[in-house]
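*Asks:* Contents of coords-v3.txt (compact mmCIF, N, CA and C atoms) are given next:
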```
# COMPACT_ATOMS: atom_id res chain seq x y z
N MET A 1173 0.85 -1.18 0.00
CA MET A 1173 0.00 0.00 0.00
C MET A 1173 0.89 1.24 0.00
N LEU A 1174 0.66 2.12 -0.94
CA LEU A 1174 1.47 3.33 -1.04
C LEU A 1174 0.94 4.41 -0.11
N SER A 1175 1.86 5.16 0.46
CA SER A 1175 1.46 6.31 1.26
C SER A 1175 0.85 7.35 0.32
N GLU A 1176 0.10 8.25 0.88
CA GLU A 1176 -0.60 9.26 0.06
C GLU A 1176 0.37 10.10 -0.76
N SER A 1177 1.49 10.50 -0.15
CA SER A 1177 2.47 11.34 -0.84
C SER A 1177 3.04 10.64 -2.06
N VAL A 1178 3.41 9.37 -1.90
CA VAL A 1178 3.99 8.60 -3.00
C VAL A 1178 2.93 8.33 -4.06
N ALA A 1179 1.76 7.92 -3.65
CA ALA A 1179 0.68 7.61 -4.59
C ALA A 1179 0.29 8.84 -5.41
N SER A 1180 0.27 10.02 -4.79
CA SER A 1180 -0.17 11.22 -5.50
C SER A 1180 0.76 11.55 -6.67
N ILE A 1181 2.03 11.22 -6.55
CA ILE A 1181 2.99 11.51 -7.62
C ILE A 1181 3.05 10.39 -8.65
N PHE A 1182 2.97 9.14 -8.20
CA PHE A 1182 3.27 8.02 -9.09
C PHE A 1182 2.06 7.26 -9.63
N THR A 1183 0.85 7.68 -9.28
CA THR A 1183 -0.34 6.99 -9.77
C THR A 1183 -0.34 6.78 -11.29
N PRO A 1184 0.07 7.78 -12.10
CA PRO A 1184 0.03 7.56 -13.56
C PRO A 1184 0.96 6.44 -14.03
N TYR A 1185 1.92 6.04 -13.20
CA TYR A 1185 2.94 5.08 -13.63
C TYR A 1185 2.76 3.70 -12.99
N LEU A 1186 1.76 3.55 -12.13
CA LEU A 1186 1.64 2.32 -11.35
C LEU A 1186 1.23 1.10 -12.18
N THR A 1187 0.69 1.33 -13.37
CA THR A 1187 0.28 0.19 -14.20
C THR A 1187 1.41 -0.31 -15.08
N LEU A 1188 2.52 0.42 -15.13
CA LEU A 1188 3.65 0.00 -15.96
C LEU A 1188 4.32 -1.23 -15.37
N ASN A 1189 4.92 -2.00 -16.23
CA ASN A 1189 5.69 -3.17 -15.81
C ASN A 1189 7.08 -3.07 -16.42
N LEU A 1190 7.89 -2.18 -15.87
CA LEU A 1190 9.22 -1.92 -16.42
C LEU A 1190 10.27 -2.77 -15.70
N SER A 1191 11.47 -2.78 -16.29
CA SER A 1191 12.58 -3.41 -15.59
C SER A 1191 12.85 -2.58 -14.34
N ALA A 1192 13.51 -3.18 -13.37
CA ALA A 1192 13.79 -2.47 -12.13
C ALA A 1192 14.62 -1.21 -12.39
N PHE A 1193 15.60 -1.30 -13.29
CA PHE A 1193 16.45 -0.13 -13.56
C PHE A 1193 15.66 0.96 -14.27
N ASP A 1194 14.75 0.58 -15.17
CA ASP A 1194 13.90 1.58 -15.82
C ASP A 1194 12.97 2.25 -14.80
N ASN A 1195 12.44 1.46 -13.86
CA ASN A 1195 11.63 2.05 -12.79
C ASN A 1195 12.45 3.06 -11.98
N LEU A 1196 13.69 2.68 -11.70
CA LEU A 1196 14.59 3.56 -10.95
C LEU A 1196 14.76 4.89 -11.70
N LYS A 1197 15.03 4.80 -13.01
CA LYS A 1197 15.20 6.02 -13.81
C LYS A 1197 13.91 6.84 -13.85
N LEU A 1198 12.77 6.16 -13.95
CA LEU A 1198 11.47 6.83 -13.99
C LEU A 1198 11.21 7.58 -12.69
N VAL A 1199 11.41 6.92 -11.56
CA VAL A 1199 11.15 7.54 -10.26
C VAL A 1199 12.05 8.76 -10.05
N VAL A 1200 13.33 8.60 -10.37
CA VAL A 1200 14.28 9.72 -10.23
C VAL A 1200 13.88 10.87 -11.16
N ALA A 1201 13.49 10.57 -12.39
CA ALA A 1201 13.11 11.62 -13.35
C ALA A 1201 11.87 12.38 -12.88
N VAL A 1202 10.87 11.65 -12.40
CA VAL A 1202 9.62 12.30 -11.97
C VAL A 1202 9.89 13.19 -10.76
N LEU A 1203 10.63 12.69 -9.79
CA LEU A 1203 10.92 13.49 -8.60
C LEU A 1203 11.80 14.70 -8.94
N THR A 1204 12.79 14.49 -9.78
CA THR A 1204 13.68 15.60 -10.19
C THR A 1204 12.88 16.67 -10.93
N ASP A 1205 11.95 16.24 -11.81
CA ASP A 1205 11.12 17.17 -12.55
C ASP A 1205 10.27 18.03 -11.60
N LYS A 1206 9.91 17.46 -10.46
CA LYS A 1206 9.11 18.20 -9.47
C LYS A 1206 9.99 19.00 -8.50
N GLY A 1207 11.30 19.01 -8.76
CA GLY A 1207 12.21 19.77 -7.91
C GLY A 1207 12.48 19.10 -6.57
N GLU A 1208 12.23 17.79 -6.50
CA GLU A 1208 12.42 17.05 -5.25
C GLU A 1208 13.79 16.39 -5.23
N GLU A 1209 14.44 16.41 -4.09
CA GLU A 1209 15.72 15.72 -3.94
C GLU A 1209 15.45 14.25 -3.63
N CYS A 1210 16.21 13.39 -4.29
CA CYS A 1210 16.06 11.96 -4.04
C CYS A 1210 17.40 11.27 -4.27
N HIS A 1211 17.50 10.04 -3.81
CA HIS A 1211 18.73 9.28 -3.94
C HIS A 1211 18.41 7.89 -4.48
N ALA A 1212 19.09 7.51 -5.56
CA ALA A 1212 18.94 6.16 -6.13
C ALA A 1212 19.86 5.22 -5.37
N LEU A 1213 19.33 4.06 -5.00
CA LEU A 1213 20.09 3.12 -4.19
C LEU A 1213 19.96 1.70 -4.73
N GLU A 1214 20.98 0.90 -4.43
CA GLU A 1214 20.88 -0.54 -4.59
C GLU A 1214 21.13 -1.11 -3.20
N ALA A 1215 20.30 -2.04 -2.77
CA ALA A 1215 20.43 -2.59 -1.41
C ALA A 1215 19.87 -4.00 -1.36
N GLU A 1216 20.29 -4.71 -0.33
CA GLU A 1216 19.70 -6.02 -0.04
C GLU A 1216 18.44 -5.76 0.80
N VAL A 1217 17.34 -6.38 0.38
CA VAL A 1217 16.07 -6.19 1.06
C VAL A 1217 15.49 -7.56 1.38
N LEU A 1218 14.92 -7.69 2.56
CA LEU A 1218 14.29 -8.96 2.95
C LEU A 1218 12.82 -8.94 2.55
N PHE A 1219 12.41 -9.93 1.73
CA PHE A 1219 11.02 -10.12 1.36
C PHE A 1219 10.65 -11.55 1.70
N ASP A 1220 9.64 -11.70 2.53
CA ASP A 1220 9.19 -13.04 2.93
C ASP A 1220 10.37 -13.88 3.43
N GLY A 1221 11.25 -13.27 4.20
CA GLY A 1221 12.38 -13.99 4.77
C GLY A 1221 13.53 -14.27 3.81
N LYS A 1222 13.38 -13.84 2.55
CA LYS A 1222 14.43 -14.06 1.56
C LYS A 1222 15.11 -12.73 1.26
N GLN A 1223 16.44 -12.77 1.20
CA GLN A 1223 17.21 -11.57 0.90
C GLN A 1223 17.37 -11.45 -0.61
N GLN A 1224 17.11 -10.26 -1.14
CA GLN A 1224 17.28 -10.04 -2.57
C GLN A 1224 17.83 -8.64 -2.82
N SER A 1225 18.59 -8.53 -3.88
CA SER A 1225 19.15 -7.24 -4.27
C SER A 1225 18.07 -6.47 -5.03
N ALA A 1226 17.88 -5.21 -4.63
CA ALA A 1226 16.80 -4.43 -5.24
C ALA A 1226 17.25 -2.99 -5.46
N TYR A 1227 16.56 -2.34 -6.39
CA TYR A 1227 16.75 -0.91 -6.60
C TYR A 1227 15.69 -0.15 -5.80
N LEU A 1228 16.13 0.89 -5.11
CA LEU A 1228 15.25 1.71 -4.30
C LEU A 1228 15.54 3.18 -4.60
N VAL A 1229 14.57 4.03 -4.34
CA VAL A 1229 14.81 5.47 -4.38
C VAL A 1229 14.38 6.02 -3.03
N ARG A 1230 15.31 6.72 -2.37
CA ARG A 1230 14.97 7.35 -1.10
C ARG A 1230 14.54 8.77 -1.40
N TRP A 1231 13.34 9.10 -0.96
CA TRP A 1231 12.78 10.43 -1.15
C TRP A 1231 12.14 10.84 0.17
N ASN A 1232 12.64 11.91 0.76
CA ASN A 1232 12.21 12.31 2.09
C ASN A 1232 12.32 11.11 3.02
N LYS A 1233 11.22 10.71 3.65
CA LYS A 1233 11.28 9.57 4.56
C LYS A 1233 10.84 8.27 3.87
N TYR A 1234 10.59 8.33 2.58
CA TYR A 1234 10.06 7.18 1.86
C TYR A 1234 11.17 6.41 1.14
N PHE A 1235 10.98 5.10 1.05
CA PHE A 1235 11.84 4.26 0.22
C PHE A 1235 10.94 3.63 -0.84
N ILE A 1236 11.14 4.05 -2.08
CA ILE A 1236 10.31 3.58 -3.19
C ILE A 1236 11.01 2.38 -3.82
N TYR A 1237 10.29 1.27 -3.85
CA TYR A 1237 10.83 0.00 -4.38
C TYR A 1237 10.64 -0.02 -5.89
N CYS A 1238 11.75 -0.22 -6.60
CA CYS A 1238 11.70 -0.23 -8.07
C CYS A 1238 11.79 -1.64 -8.64
N GLY A 1239 12.14 -2.62 -7.82
CA GLY A 1239 12.19 -4.01 -8.26
C GLY A 1239 13.52 -4.67 -7.97
N ARG A 1240 13.52 -5.99 -8.11
CA ARG A 1240 14.76 -6.76 -7.97
C ARG A 1240 15.71 -6.40 -9.09
N THR A 1241 16.99 -6.34 -8.79
CA THR A 1241 17.97 -5.88 -9.78
C THR A 1241 18.00 -6.75 -11.03
N ASN A 1242 17.62 -8.02 -10.92
CA ASN A 1242 17.67 -8.92 -12.08
C ASN A 1242 16.29 -9.18 -12.66
N SER A 1243 15.35 -8.30 -12.41
CA SER A 1243 13.97 -8.54 -12.82
C SER A 1243 13.55 -7.57 -13.92
N TYR A 1244 12.70 -8.08 -14.83
CA TYR A 1244 12.30 -7.28 -15.99
C TYR A 1244 10.87 -6.79 -15.96
N GLY A 1245 10.07 -7.24 -15.02
CA GLY A 1245 8.69 -6.78 -14.97
C GLY A 1245 8.31 -6.42 -13.56
N ASN A 1246 8.47 -5.16 -13.20
CA ASN A 1246 8.21 -4.72 -11.83
C ASN A 1246 7.26 -3.54 -11.82
N GLN A 1247 6.50 -3.45 -10.75
CA GLN A 1247 5.68 -2.28 -10.53
C GLN A 1247 6.30 -1.48 -9.38
N ILE A 1248 6.11 -0.20 -9.42
CA ILE A 1248 6.61 0.69 -8.37
C ILE A 1248 5.84 0.39 -7.09
N ASP A 1249 6.55 0.31 -5.99
CA ASP A 1249 5.94 0.03 -4.70
C ASP A 1249 6.67 0.84 -3.65
N GLU A 1250 6.33 0.60 -2.41
CA GLU A 1250 6.98 1.33 -1.33
C GLU A 1250 7.41 0.33 -0.26
N VAL A 1251 8.62 0.50 0.26
CA VAL A 1251 9.07 -0.33 1.37
C VAL A 1251 8.58 0.34 2.65
N VAL A 1252 7.62 -0.30 3.30
CA VAL A 1252 7.03 0.28 4.50
C VAL A 1252 7.84 -0.13 5.73
N ASP A 1253 8.29 -1.38 5.75
CA ASP A 1253 9.09 -1.89 6.88
C ASP A 1253 10.56 -1.59 6.60
N LEU A 1254 11.05 -0.49 7.14
CA LEU A 1254 12.42 -0.07 6.85
C LEU A 1254 13.45 -1.05 7.41
N ASP A 1255 13.05 -1.86 8.39
CA ASP A 1255 13.96 -2.89 8.92
C ASP A 1255 14.26 -3.96 7.88
N ALA A 1256 13.44 -4.03 6.83
CA ALA A 1256 13.67 -5.02 5.77
C ALA A 1256 14.87 -4.64 4.90
N ILE A 1257 15.27 -3.38 4.94
CA ILE A 1257 16.42 -2.92 4.16
C ILE A 1257 17.68 -3.13 5.00
N ILE A 1258 18.62 -3.88 4.47
CA ILE A 1258 19.86 -4.16 5.19
C ILE A 1258 20.79 -2.97 5.00
N ALA A 1259 20.89 -2.15 6.05
CA ALA A 1259 21.54 -0.84 5.96
C ALA A 1259 22.97 -0.92 5.43
N GLU A 1260 23.74 -1.89 5.90
CA GLU A 1260 25.15 -1.94 5.48
C GLU A 1260 25.32 -2.35 4.02
N SER A 1261 24.25 -2.79 3.38
CA SER A 1261 24.34 -3.19 1.97
C SER A 1261 24.03 -2.03 1.01
N ILE A 1262 23.58 -0.90 1.52
CA ILE A 1262 23.13 0.20 0.67
C ILE A 1262 24.30 0.81 -0.11
N GLN A 1263 24.10 0.92 -1.42
CA GLN A 1263 25.05 1.60 -2.29
C GLN A 1263 24.29 2.72 -3.00
N VAL A 1264 24.88 3.90 -3.04
CA VAL A 1264 24.26 5.02 -3.74
C VAL A 1264 24.62 4.92 -5.22
N LEU A 1265 23.64 5.04 -6.08
CA LEU A 1265 23.83 4.96 -7.53
C LEU A 1265 23.69 6.35 -8.15
N GLN A 1266 24.23 6.49 -9.34
CA GLN A 1266 24.10 7.74 -10.09
C GLN A 1266 23.49 7.43 -11.46
N PRO A 1267 22.20 7.07 -11.50
CA PRO A 1267 21.61 6.76 -12.81
C PRO A 1267 21.46 8.04 -13.63
N PRO A 1268 21.37 7.90 -14.96
CA PRO A 1268 21.12 9.08 -15.77
C PRO A 1268 19.76 9.67 -15.42
N VAL A 1269 19.68 10.98 -15.33
CA VAL A 1269 18.40 11.63 -15.05
C VAL A 1269 17.73 11.95 -16.38
N LEU A 1270 16.62 11.29 -16.63
CA LEU A 1270 15.90 11.46 -17.89
C LEU A 1270 15.01 12.70 -17.83
N SER A 1271 14.79 13.29 -18.99
CA SER A 1271 13.79 14.35 -19.09
C SER A 1271 12.41 13.67 -19.10
N MET A 1272 11.37 14.43 -18.84
CA MET A 1272 10.03 13.85 -18.87
C MET A 1272 9.67 13.36 -20.28
N GLN A 1273 10.23 13.99 -21.32
CA GLN A 1273 9.99 13.51 -22.68
C GLN A 1273 10.61 12.12 -22.86
N GLN A 1274 11.82 11.93 -22.33
CA GLN A 1274 12.46 10.61 -22.41
C GLN A 1274 11.66 9.57 -21.64
N VAL A 1275 11.10 9.98 -20.50
CA VAL A 1275 10.26 9.07 -19.71
C VAL A 1275 9.04 8.65 -20.53
N GLU A 1276 8.42 9.62 -21.23
CA GLU A 1276 7.27 9.29 -22.07
C GLU A 1276 7.63 8.27 -23.14
N PHE A 1277 8.79 8.47 -23.79
CA PHE A 1277 9.23 7.52 -24.81
C PHE A 1277 9.44 6.13 -24.21
N MET A 1278 10.07 6.08 -23.04
CA MET A 1278 10.33 4.81 -22.38
C MET A 1278 9.01 4.10 -22.05
N CYS A 1279 8.04 4.87 -21.59
CA CYS A 1279 6.74 4.28 -21.25
C CYS A 1279 5.99 3.83 -22.50
N MET A 1280 6.11 4.61 -23.59
CA MET A 1280 5.46 4.22 -24.85
C MET A 1280 6.08 2.94 -25.40
N GLU A 1281 7.41 2.84 -25.34
CA GLU A 1281 8.08 1.63 -25.81
C GLU A 1281 7.61 0.43 -25.01
N ASN A 1282 7.50 0.61 -23.70
CA ASN A 1282 7.05 -0.48 -22.84
C ASN A 1282 5.64 -0.90 -23.19
N ALA A 1283 4.76 0.07 -23.38
CA ALA A 1283 3.37 -0.25 -23.73
C ALA A 1283 3.31 -0.96 -25.07
N HIS A 1284 4.13 -0.54 -26.01
CA HIS A 1284 4.17 -1.17 -27.32
C HIS A 1284 4.57 -2.63 -27.22
N PHE A 1285 5.64 -2.91 -26.48
CA PHE A 1285 6.11 -4.29 -26.37
C PHE A 1285 5.17 -5.16 -25.56
N ASP A 1286 4.46 -4.56 -24.63
CA ASP A 1286 3.49 -5.33 -23.84
C ASP A 1286 2.35 -5.85 -24.69
N HIS A 1287 2.06 -5.16 -25.78
CA HIS A 1287 0.89 -5.53 -26.59
C HIS A 1287 1.26 -6.24 -27.89
N CYS A 1288 2.51 -6.58 -28.06
CA CYS A 1288 2.93 -7.27 -29.30
C CYS A 1288 2.69 -8.76 -29.18
```
Take the structure in the file and give it back as C-alpha cells.
*Replies:*
Amino acid sequence: MLSESVASIFTPYLTLNLSAFDNLKLVVAVLTDKGEECHALEAEVLFDGKQQSAYLVRWNKYFIYCGRTNSYGNQIDEVVDLDAIIAESIQVLQPPVLSMQQVEFMCMENAHFDHC
C-alpha cells in the first residue's frame, strides 16, 4: 500500500511493468522534474524472509521500491518496513536523469512491447 504522498505523484505510472532499472530512472526523473531531492540506491532487502538485491529510491522519509535488480517486470511500490532494508548493503547509484519527454518515450516503448 502506497502512502498518500507517493501515490499522488506516481499513480500515472503504477500500471507500468518496467525493468527495475527503468523504474529507478522513472522515479528519479519524476521526482527531479518536481524539484524534489532523491537518492537512487541498490540494497539487499528482505522479502518473505528471503534476501534479494533491489533498486530503491529514497525520497524524504520514503523508500520507493523499483524491483529486484535482475527482474524485468516490476511495478513501483513502497518499502514500509524499513527494517527489511539491510543498511550496510546500501550503495548510492548515479543513474542518468531522464527528461520527462524521455520518460514518455520509455513508457510508450514499454506499452508497445506489452501488446505485441
*Asks:* Hey, what's within 8 Å of A:Leu1265 if we count only C-alpha atoms and toss same-chain stuff fewer than 5 positions away? As a list in words, please?
*Replies:*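 Residues near the query, excluding close chain neighbours: His1211, Ala1212, Leu1213 and Glu1214 of chain A.
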*Asks:* Between atom C of A:Gly1245 and atom CA of A:Gln1274, what is the spacing in Å?
*Replies:*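 Rounded to one decimal, the two atoms are 19.6 Å apart.
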*Asks:* Select, counting only N, CA and C atoms, all protein, DNA and RNA residues no farther than 6 Å from (10.1, -8.5, -16.9) in file coordinates, and express the selection as a list of chain:residue names.
*Replies:*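 Every polymer residue passing the test: A:Leu1190, A:Ser1191, A:Ser1243, A:Tyr1244, A:Gly1245, A:Asn1246.
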*Asks:* Taking the DSSP assignment computed from this structure's backbone, write out as a PyMOL selection string all residues of stretch 1193-1271 of chain A that belong to strand (DSSP E or B).
*Replies:* chain A and resi 1211-1219+1222-1231+1234-1240+1246+1249-1250+1257+1263-1265
*Asks:* Restrict the selected residues to N, CA and C atoms and save them as a compact mmCIF listing (two decimals), in the frame of the given file.
*Replies:*
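What landed in part14.txt:
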```txt
# COMPACT_ATOMS: atom_id res chain seq x y z
N HIS A 1211 17.50 10.04 -3.81
CA HIS A 1211 18.73 9.28 -3.94
C HIS A 1211 18.41 7.89 -4.48
N ALA A 1212 19.09 7.51 -5.56
CA ALA A 1212 18.94 6.16 -6.13
C ALA A 1212 19.86 5.22 -5.37
N LEU A 1213 19.33 4.06 -5.00
CA LEU A 1213 20.09 3.12 -4.19
C LEU A 1213 19.96 1.70 -4.73
N GLU A 1214 20.98 0.90 -4.43
CA GLU A 1214 20.88 -0.54 -4.59
C GLU A 1214 21.13 -1.11 -3.20
N ALA A 1215 20.30 -2.04 -2.77
CA ALA A 1215 20.43 -2.59 -1.41
C ALA A 1215 19.87 -4.00 -1.36
N GLU A 1216 20.29 -4.71 -0.33
CA GLU A 1216 19.70 -6.02 -0.04
C GLU A 1216 18.44 -5.76 0.80
N VAL A 1217 17.34 -6.38 0.38
CA VAL A 1217 16.07 -6.19 1.06
C VAL A 1217 15.49 -7.56 1.38
N LEU A 1218 14.92 -7.69 2.56
CA LEU A 1218 14.29 -8.96 2.95
C LEU A 1218 12.82 -8.94 2.55
N PHE A 1219 12.41 -9.93 1.73
CA PHE A 1219 11.02 -10.12 1.36
C PHE A 1219 10.65 -11.55 1.70
N LYS A 1222 13.38 -13.84 2.55
CA LYS A 1222 14.43 -14.06 1.56
C LYS A 1222 15.11 -12.73 1.26
N GLN A 1223 16.44 -12.77 1.20
CA GLN A 1223 17.21 -11.57 0.90
C GLN A 1223 17.37 -11.45 -0.61
N GLN A 1224 17.11 -10.26 -1.14
CA GLN A 1224 17.28 -10.04 -2.57
C GLN A 1224 17.83 -8.64 -2.82
N SER A 1225 18.59 -8.53 -3.88
CA SER A 1225 19.15 -7.24 -4.27
C SER A 1225 18.07 -6.47 -5.03
N ALA A 1226 17.88 -5.21 -4.63
CA ALA A 1226 16.80 -4.43 -5.24
C ALA A 1226 17.25 -2.99 -5.46
N TYR A 1227 16.56 -2.34 -6.39
CA TYR A 1227 16.75 -0.91 -6.60
C TYR A 1227 15.69 -0.15 -5.80
N LEU A 1228 16.13 0.89 -5.11
CA LEU A 1228 15.25 1.71 -4.30
C LEU A 1228 15.54 3.18 -4.60
N VAL A 1229 14.57 4.03 -4.34
CA VAL A 1229 14.81 5.47 -4.38
C VAL A 1229 14.38 6.02 -3.03
N ARG A 1230 15.31 6.72 -2.37
CA ARG A 1230 14.97 7.35 -1.10
C ARG A 1230 14.54 8.77 -1.40
N TRP A 1231 13.34 9.10 -0.96
CA TRP A 1231 12.78 10.43 -1.15
C TRP A 1231 12.14 10.84 0.17
N TYR A 1234 10.59 8.33 2.58
CA TYR A 1234 10.06 7.18 1.86
C TYR A 1234 11.17 6.41 1.14
N PHE A 1235 10.98 5.10 1.05
CA PHE A 1235 11.84 4.26 0.22
C PHE A 1235 10.94 3.63 -0.84
N ILE A 1236 11.14 4.05 -2.08
CA ILE A 1236 10.31 3.58 -3.19
C ILE A 1236 11.01 2.38 -3.82
N TYR A 1237 10.29 1.27 -3.85
CA TYR A 1237 10.83 0.00 -4.38
C TYR A 1237 10.64 -0.02 -5.89
N CYS A 1238 11.75 -0.22 -6.60
CA CYS A 1238 11.70 -0.23 -8.07
C CYS A 1238 11.79 -1.64 -8.64
N GLY A 1239 12.14 -2.62 -7.82
CA GLY A 1239 12.19 -4.01 -8.26
C GLY A 1239 13.52 -4.67 -7.97
N ARG A 1240 13.52 -5.99 -8.11
CA ARG A 1240 14.76 -6.76 -7.97
C ARG A 1240 15.71 -6.40 -9.09
N ASN A 1246 8.47 -5.16 -13.20
CA ASN A 1246 8.21 -4.72 -11.83
C ASN A 1246 7.26 -3.54 -11.82
N ASP A 1249 6.55 0.31 -5.99
CA ASP A 1249 5.94 0.03 -4.70
C ASP A 1249 6.67 0.84 -3.65
N GLU A 1250 6.33 0.60 -2.41
CA GLU A 1250 6.98 1.33 -1.33
C GLU A 1250 7.41 0.33 -0.26
N ILE A 1257 15.27 -3.38 4.94
CA ILE A 1257 16.42 -2.92 4.16
C ILE A 1257 17.68 -3.13 5.00
N GLN A 1263 24.10 0.92 -1.42
CA GLN A 1263 25.05 1.60 -2.29
C GLN A 1263 24.29 2.72 -3.00
N VAL A 1264 24.88 3.90 -3.04
CA VAL A 1264 24.26 5.02 -3.74
C VAL A 1264 24.62 4.92 -5.22
N LEU A 1265 23.64 5.04 -6.08
CA LEU A 1265 23.83 4.96 -7.53
C LEU A 1265 23.69 6.35 -8.15
```
*Asks:* So that I can check the secondary structure, give me every residue of chain A assigned alpha helix (DSSP H) by backbone DSSP, as an MDAnalysis selection string.
*Replies:* chainID A and resid 1176:1182 1192:1205 1272:1286
*Asks:* Mind pulling up the distance from atom CA of A:Ala1201 to atom C of A:Val1269?
*Replies:*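 One can read the atom C of A:Val1269 to atom CA of A:Ala1201 distance as 5.5 Å.
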*Asks:* Considering only N, CA and C atoms, can you say which of A:Lys1197, A:Ser1177, A:Val1251, A:Tyr1237 comes closest to A:Pro1267?
*Replies:*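 Once distances to A:Pro1267 are computed over only N, CA and C atoms, the minimum belongs to A:Lys1197.
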*Asks:* Can you work out the spacing between atom C of A:Asn1242 and atom C of A:Phe1277 in Å, to one decimal?
*Replies:*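 Atom C of A:Phe1277 lies 20.4 Å from atom C of A:Asn1242.
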*Asks:* Restricting the calculation to all atoms listed in the file: of A:Met1173, A:Glu1276, A:Leu1254, A:Ala1192, which residue gets closest to A:Tyr1227?
*Replies:*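 Closest residue, counting all atoms listed in the file: A:Ala1192.
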*Asks:* Find the spatial neighbours of A:Ile1181, counting only C-alpha atoms, within a cut-off of 12 Å - ignore same-chain residues fewer than 5 positions away - and output them as an MDAnalysis selection string.
*Replies:* chainID A and resid 1174:1176 1186 1198:1206 1208 1231 1236 1248
*Asks:* Which residues are near A:Ala1215? Cut-off 6 Å, all atoms listed in the file, ignore same chain within fewer than 3 positions. Put them as a VMD selection string.
*Replies:* chain A and resid 1224 to 1228 1258 1261 to 1263
*Asks:* Please write out, as AutoDock Vina command-line options, where the centre of an axis-aligned box around all listed atoms of stretch 1275-1278 of chain A lies and how long its edges are, in Å to one decimal, after adding 3 Å on each side.
*Replies:*
```
--center_x 9.2 --center_y 7.0 --center_z -22.3 --size_x 9.8 --size_y 11.9 --size_z 11.1
```
*Asks:* For stretch 1271-1284 of chain A, which lacks atoms in the input, supply N, CA, C and O atoms and format the output as an mmCIF file, in the coordinates of the input.
*Replies:*
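Generated file (out_15.cif):
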```cif
data_model
loop_
_atom_site.group_PDB
_atom_site.id
_atom_site.type_symbol
_atom_site.label_atom_id
_atom_site.label_comp_id
_atom_site.auth_asym_id
_atom_site.auth_seq_id
_atom_site.Cartn_x
_atom_site.Cartn_y
_atom_site.Cartn_z
ATOM 1 N N SER A 1271 14.790 13.290 -18.990
ATOM 2 C CA SER A 1271 13.790 14.350 -19.090
ATOM 3 C C SER A 1271 12.410 13.670 -19.100
ATOM 4 O O SER A 1271 12.304 12.469 -19.365
ATOM 5 N N MET A 1272 11.370 14.430 -18.840
ATOM 6 C CA MET A 1272 10.030 13.850 -18.870
ATOM 7 C C MET A 1272 9.670 13.360 -20.280
ATOM 8 O O MET A 1272 8.936 12.396 -20.429
ATOM 9 N N GLN A 1273 10.230 13.990 -21.320
ATOM 10 C CA GLN A 1273 9.990 13.510 -22.680
ATOM 11 C C GLN A 1273 10.610 12.120 -22.860
ATOM 12 O O GLN A 1273 10.005 11.239 -23.452
ATOM 13 N N GLN A 1274 11.820 11.930 -22.330
ATOM 14 C CA GLN A 1274 12.460 10.610 -22.410
ATOM 15 C C GLN A 1274 11.660 9.570 -21.640
ATOM 16 O O GLN A 1274 11.537 8.426 -22.064
ATOM 17 N N VAL A 1275 11.100 9.980 -20.500
ATOM 18 C CA VAL A 1275 10.260 9.070 -19.710
ATOM 19 C C VAL A 1275 9.040 8.650 -20.530
ATOM 20 O O VAL A 1275 8.680 7.478 -20.567
ATOM 21 N N GLU A 1276 8.420 9.620 -21.230
ATOM 22 C CA GLU A 1276 7.270 9.290 -22.070
ATOM 23 C C GLU A 1276 7.630 8.270 -23.140
ATOM 24 O O GLU A 1276 6.889 7.319 -23.382
ATOM 25 N N PHE A 1277 8.790 8.470 -23.790
ATOM 26 C CA PHE A 1277 9.230 7.520 -24.810
ATOM 27 C C PHE A 1277 9.440 6.130 -24.210
ATOM 28 O O PHE A 1277 9.055 5.125 -24.796
ATOM 29 N N MET A 1278 10.070 6.080 -23.040
ATOM 30 C CA MET A 1278 10.330 4.810 -22.380
ATOM 31 C C MET A 1278 9.010 4.100 -22.050
ATOM 32 O O MET A 1278 8.867 2.904 -22.274
ATOM 33 N N CYS A 1279 8.040 4.870 -21.590
ATOM 34 C CA CYS A 1279 6.740 4.280 -21.250
ATOM 35 C C CYS A 1279 5.990 3.830 -22.500
ATOM 36 O O CYS A 1279 5.347 2.786 -22.506
ATOM 37 N N MET A 1280 6.110 4.610 -23.590
ATOM 38 C CA MET A 1280 5.460 4.220 -24.850
ATOM 39 C C MET A 1280 6.080 2.940 -25.400
ATOM 40 O O MET A 1280 5.373 2.051 -25.856
ATOM 41 N N GLU A 1281 7.410 2.840 -25.340
ATOM 42 C CA GLU A 1281 8.080 1.630 -25.810
ATOM 43 C C GLU A 1281 7.610 0.430 -25.010
ATOM 44 O O GLU A 1281 7.331 -0.636 -25.546
ATOM 45 N N ASN A 1282 7.500 0.610 -23.700
ATOM 46 C CA ASN A 1282 7.050 -0.480 -22.840
ATOM 47 C C ASN A 1282 5.640 -0.900 -23.190
ATOM 48 O O ASN A 1282 5.346 -2.078 -23.308
ATOM 49 N N ALA A 1283 4.760 0.070 -23.380
ATOM 50 C CA ALA A 1283 3.370 -0.250 -23.730
ATOM 51 C C ALA A 1283 3.310 -0.960 -25.070
ATOM 52 O O ALA A 1283 2.547 -1.918 -25.253
ATOM 53 N N HIS A 1284 4.130 -0.540 -26.010
ATOM 54 C CA HIS A 1284 4.170 -1.170 -27.320
ATOM 55 C C HIS A 1284 4.570 -2.630 -27.220
ATOM 56 O O HIS A 1284 3.920 -3.507 -27.762
#
```
